[in-house]
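Shown next, in C-alpha cells, is the structure this report addresses.
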Amino acid sequence: MSDGSLKVLGIAGSLRKGSFNAAALRAAQELAPTGMTIDIFDIATIPLYNEDVKAEGFPPAVADLRARIKAADGLLFATPEYNYSISGVLKNTIDWASRPPEQPFDGKPIALIGASGGALGTARAQYHLRQMFIFLNGHVLNRPEVMIGAGASKFDAEGRLTDQPTRDILGTLLTAFRAWIEKLR
Ligand SMILES: Cc1cc2nc3c(=O)[nH]c(=O)nc-3n(C[C@H](O)[C@H](O)[C@H](O)COP(=O)(O)O)c2cc1C
C-alpha cells in the first residue's frame, strides 16, 4: 500500500479557459484516492518547439516542466481530440519535454483521460498518445479507459464535472493508477 506520498503531475492539452480537459483534471484532483495528490502543470508557458532554441538550452518553462516530470511518481494526461489526434499544443509540450539528455518519460507511470465534444470522447487521440509513449517508454495504464464524450453535457458552466458515471469511472481509474505506480516502483 501507499505511504501517502504519491505525487502525480496532471497535464491538460488545451489552453482555453473553459477547457473540458482542464476541468477533468480538476475533478481528478477532487477524486484522487488516499495516498495520491495531483498537481497541475499549465502548458500555456511552453514555447513552440525550435531546435535552434534547444541548442542554446531548454527555455525556463520547459526546464521547469522536465524537472516536475522527473520528480513526479506518475503523470496524468487529459487530452482533447483535434482532427482525430491530440492537440498541437500537447504534442508540442511532449516534444519539448522529450528531448535529451535524460528523457523524462522513460519508465514513468502514465494514465490517460480525455474529453471532447464528439461522441467518442477522444478515443482516437488517446490511442495516438499511447503510441507516442511506446517510443518514449512511458508505462501507460491500460484500463479503465476514461473517454468523456459529449463534453457539454458532462460539465456545468463553472467547469465542474457533474456527470456521476463519469466521476465514478475517473475515480476508478485513479485508484487503478495508484496501484499501477506502486507495482512499477
Ligand atoms: C481544431 C479542432 C479539431 C477538432 N477535432 C475534433 C475531433 O476530431 N474529434 C472530436 O471529438 N472533437 C473535435 N473537436 C472539438 C473538441 O472536442 C472540443 O473543442 C473540445 O472542447 C476540446 O477540448 P477542451 O474543451 O479541453 O478545449 C475539435 C476542435 C478543434 C478546435
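Following the order of the C-alpha cells, chains are lettered A, B, ..., residues in each are numbered from 1, and ligands are numbered from 1.
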
- Message: I want to know what sits within 8 Å of region 94-97 of chain A, based on only C-alpha atoms, with residues of the same chain fewer than 5 positions away left out; could you give that as a ChimeraX atom specification?
- Response: /A:49,62,65-66,103-104

- Message: as a list of chain:residue names, please: every residue in region 7-136 of chain A that DSSP puts in strand (DSSP E or B).
- Response: A:Lys7, A:Val8, A:Leu9, A:Gly10, A:Ile11, A:Ala12, A:Met36, A:Thr37, A:Ile38, A:Asp39, A:Ile40, A:Phe41, A:Gly74, A:Leu75, A:Leu76, A:Phe77, A:Ala78, A:Thr79, A:Tyr82, A:Ser85, A:Pro109, A:Ile110, A:Ala111, A:Leu112, A:Ile113, A:Gly114, A:Ala115

Find the nearest atom pair between each residue of chain A and ligand 1 for residues within 7 Å, count only C-alpha atoms and all ligand atoms, give distances in Å to one decimal, sort rows by chain and ascending number, and present the table as CSV.
residue,atom,partner,partner_atom_place_in_ligand_line,distance
A:Gly13,CA,ligand 1,26 (O),6.7
A:Ser14,CA,ligand 1,27 (O),4.8
A:Leu15,CA,ligand 1,27 (O),6.7
A:Arg16,CA,ligand 1,27 (O),5.5
A:Gly18,CA,ligand 1,25 (O),6.4
A:Ser19,CA,ligand 1,25 (O),3.6
A:Phe20,CA,ligand 1,25 (O),3.8
A:Asn21,CA,ligand 1,26 (O),3.9
A:Ala22,CA,ligand 1,26 (O),6.0
A:Pro80,CA,ligand 1,23 (O),4.4
A:Glu81,CA,ligand 1,7 (C),4.8
A:Tyr82,CA,ligand 1,5 (N),3.4
A:Asn83,CA,ligand 1,8 (O),3.5
A:Tyr84,CA,ligand 1,8 (O),3.8
A:Ser85,CA,ligand 1,8 (O),6.5
A:Ala115,CA,ligand 1,23 (O),6.1
A:Ser116,CA,ligand 1,17 (O),3.3
A:Gly117,CA,ligand 1,17 (O),4.0
A:Gly118,CA,ligand 1,11 (O),3.4
A:Ala119,CA,ligand 1,11 (O),6.3
A:Leu120,CA,ligand 1,11 (O),6.2
A:Gly121,CA,ligand 1,11 (O),5.9
A:Thr122,CA,ligand 1,11 (O),5.8
A:Gly151,CA,ligand 1,21 (O),6.8

- Choose the residue, out of A:Ala24, A:Leu75, A:Ala61, A:Ile40, that has the smallest atom-to-atom separation from Phe177 (chain A); count only C-alpha atoms. A:Leu75

Please identify all polymer residues within 10 Å of Ala23 (chain A), counting only C-alpha atoms, omitting same-chain residues fewer than 3 positions from it, and present them as a PDB file with N, CA and C atoms, in the first residue's frame.
ATOM      1  N   ALA A  12      -3.025  19.078 -18.991  1.00  0.00           N
ATOM      2  CA  ALA A  12      -4.170  19.148 -19.909  1.00  0.00           C
ATOM      3  C   ALA A  12      -3.711  19.754 -21.228  1.00  0.00           C
ATOM      4  N   LYS A  17      -9.899  28.745 -21.566  1.00  0.00           N
ATOM      5  CA  LYS A  17     -10.341  28.908 -20.165  1.00  0.00           C
ATOM      6  C   LYS A  17     -11.381  27.860 -19.779  1.00  0.00           C
ATOM      7  N   GLY A  18     -12.321  27.607 -20.685  1.00  0.00           N
ATOM      8  CA  GLY A  18     -13.413  26.688 -20.359  1.00  0.00           C
ATOM      9  C   GLY A  18     -13.124  25.245 -20.735  1.00  0.00           C
ATOM     10  N   SER A  19     -11.866  24.913 -20.850  1.00  0.00           N
ATOM     11  CA  SER A  19     -11.473  23.576 -21.316  1.00  0.00           C
ATOM     12  C   SER A  19     -12.113  22.443 -20.503  1.00  0.00           C
ATOM     13  N   PHE A  20     -12.747  21.508 -21.214  1.00  0.00           N
ATOM     14  CA  PHE A  20     -13.262  20.302 -20.553  1.00  0.00           C
ATOM     15  C   PHE A  20     -12.103  19.489 -19.962  1.00  0.00           C
ATOM     16  N   ARG A  26      -9.163  18.960 -12.868  1.00  0.00           N
ATOM     17  CA  ARG A  26      -9.583  19.486 -11.554  1.00  0.00           C
ATOM     18  C   ARG A  26     -10.479  18.464 -10.835  1.00  0.00           C
ATOM     19  N   ALA A  27     -11.330  17.796 -11.599  1.00  0.00           N
ATOM     20  CA  ALA A  27     -12.165  16.748 -10.993  1.00  0.00           C
ATOM     21  C   ALA A  27     -11.283  15.617 -10.464  1.00  0.00           C
ATOM     22  N   ALA A  28     -10.231  15.292 -11.216  1.00  0.00           N
ATOM     23  CA  ALA A  28      -9.314  14.238 -10.763  1.00  0.00           C
ATOM     24  C   ALA A  28      -8.642  14.638  -9.444  1.00  0.00           C
ATOM     25  N   GLN A  29      -8.329  15.912  -9.299  1.00  0.00           N
ATOM     26  CA  GLN A  29      -7.737  16.361  -8.028  1.00  0.00           C
ATOM     27  C   GLN A  29      -8.699  16.086  -6.872  1.00  0.00           C
ATOM     28  N   ALA A  78      -4.672  14.744 -19.745  1.00  0.00           N
ATOM     29  CA  ALA A  78      -6.061  14.933 -20.186  1.00  0.00           C
ATOM     30  C   ALA A  78      -5.990  15.531 -21.584  1.00  0.00           C
ATOM     31  N   ALA A 115     -11.448  14.452 -22.864  1.00  0.00           N
ATOM     32  CA  ALA A 115     -12.827  14.913 -23.038  1.00  0.00           C
ATOM     33  C   ALA A 115     -12.942  15.649 -24.358  1.00  0.00           C
ATOM     34  N   PHE A 155     -20.113  18.585 -18.058  1.00  0.00           N
ATOM     35  CA  PHE A 155     -19.549  19.630 -17.198  1.00  0.00           C
ATOM     36  C   PHE A 155     -20.554  20.776 -17.122  1.00  0.00           C
ATOM     37  N   ASP A 156     -20.593  21.448 -15.960  1.00  0.00           N
ATOM     38  CA  ASP A 156     -21.501  22.600 -15.865  1.00  0.00           C
ATOM     39  C   ASP A 156     -20.783  23.880 -16.297  1.00  0.00           C
ATOM     40  N   GLU A 158     -19.576  26.228 -14.685  1.00  0.00           N
ATOM     41  CA  GLU A 158     -18.408  26.575 -13.852  1.00  0.00           C
ATOM     42  C   GLU A 158     -17.241  25.608 -14.065  1.00  0.00           C
ATOM     43  N   GLY A 159     -17.401  24.672 -14.996  1.00  0.00           N
ATOM     44  CA  GLY A 159     -16.317  23.734 -15.273  1.00  0.00           C
ATOM     45  C   GLY A 159     -16.214  22.619 -14.253  1.00  0.00           C
ATOM     46  N   ARG A 160     -17.342  22.284 -13.656  1.00  0.00           N
ATOM     47  CA  ARG A 160     -17.334  21.157 -12.707  1.00  0.00           C
ATOM     48  C   ARG A 160     -17.878  19.919 -13.393  1.00  0.00           C
ATOM     49  N   LEU A 161     -17.195  18.810 -13.207  1.00  0.00           N
ATOM     50  CA  LEU A 161     -17.653  17.538 -13.772  1.00  0.00           C
ATOM     51  C   LEU A 161     -18.871  17.084 -12.978  1.00  0.00           C
TER      52      LEU A 161
END

- If you count only C-alpha atoms, which residues fall within 7 Å of Gly10 (chain A), apart from same-chain ones fewer than 5 positions away, as a ChimeraX atom specification? /A:25,38-41,75-77

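Residues within 12 Å of Asp168 (chain A), counting only C-alpha atoms and excluding same-chain residues fewer than 4 positions away, are Ala27, Ala28, Glu30, Leu31, Ala32, Pro33, Pro144, Val146, Leu161, Thr162, Asp163, Gln164, Thr172, Leu173, Leu174 and Thr175 of chain A.
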
- Step one, run DSSP on the backbone; step two, keep only residues of region 31-169 of chain A assigned to alpha helix (DSSP H); then write them as a count of residues only. 47

- Non-local contacts of Gly138 (chain A) (9 Å; only C-alpha atoms; under 4 positions in same chain excluded) as an NGL selection string: :A and (104-110 or 130 or 132-134)

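Distances here use only C-alpha atoms; by that measure, the residue among A:Arg178, A:Ala152, A:Leu141, A:Pro47 closest to Gly88 (chain A) is A:Pro47.
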
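Nearest to Arg68 (chain A) of all the residues A:Ile169, A:Ala179, A:Val140, A:Leu9 is A:Leu9, counting only C-alpha atoms.
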
- Any idea what's packed within 7 Å of Asp73 (chain A), counting only C-alpha atoms, ignoring anything in its chain fewer than 4 positions away? Could you give it as a list of chain:residue names? A:Leu6, A:Lys7, A:Val8, A:Ile181

Go ahead and save the picked residues with N, CA, C and O atoms, as a PDB file, in the first residue's frame.
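Written output follows (again-v6.pdb):
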ATOM      1  N   LEU A   6       2.335   9.585  -2.930  1.00  0.00           N
ATOM      2  CA  LEU A   6       2.448   9.540  -4.388  1.00  0.00           C
ATOM      3  C   LEU A   6       2.075  10.897  -4.991  1.00  0.00           C
ATOM      4  O   LEU A   6       0.979  11.416  -4.772  1.00  0.00           O
ATOM      5  N   LYS A   7       3.008  11.429  -5.772  1.00  0.00           N
ATOM      6  CA  LYS A   7       2.805  12.749  -6.395  1.00  0.00           C
ATOM      7  C   LYS A   7       2.569  12.557  -7.886  1.00  0.00           C
ATOM      8  O   LYS A   7       3.450  12.054  -8.590  1.00  0.00           O
ATOM      9  N   VAL A   8       1.404  12.975  -8.336  1.00  0.00           N
ATOM     10  CA  VAL A   8       1.058  12.868  -9.755  1.00  0.00           C
ATOM     11  C   VAL A   8       1.028  14.273 -10.351  1.00  0.00           C
ATOM     12  O   VAL A   8       0.522  15.219  -9.737  1.00  0.00           O
ATOM     13  N   ILE A 181       1.269   2.599 -10.232  1.00  0.00           N
ATOM     14  CA  ILE A 181       2.504   3.278  -9.816  1.00  0.00           C
ATOM     15  C   ILE A 181       3.237   2.422  -8.793  1.00  0.00           C
ATOM     16  O   ILE A 181       4.454   2.212  -8.882  1.00  0.00           O
TER      17      ILE A 181
END

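Coordinates place CA of Thr93 (chain A) at a distance of 13.6 Å from CA of Glu51 (chain A).
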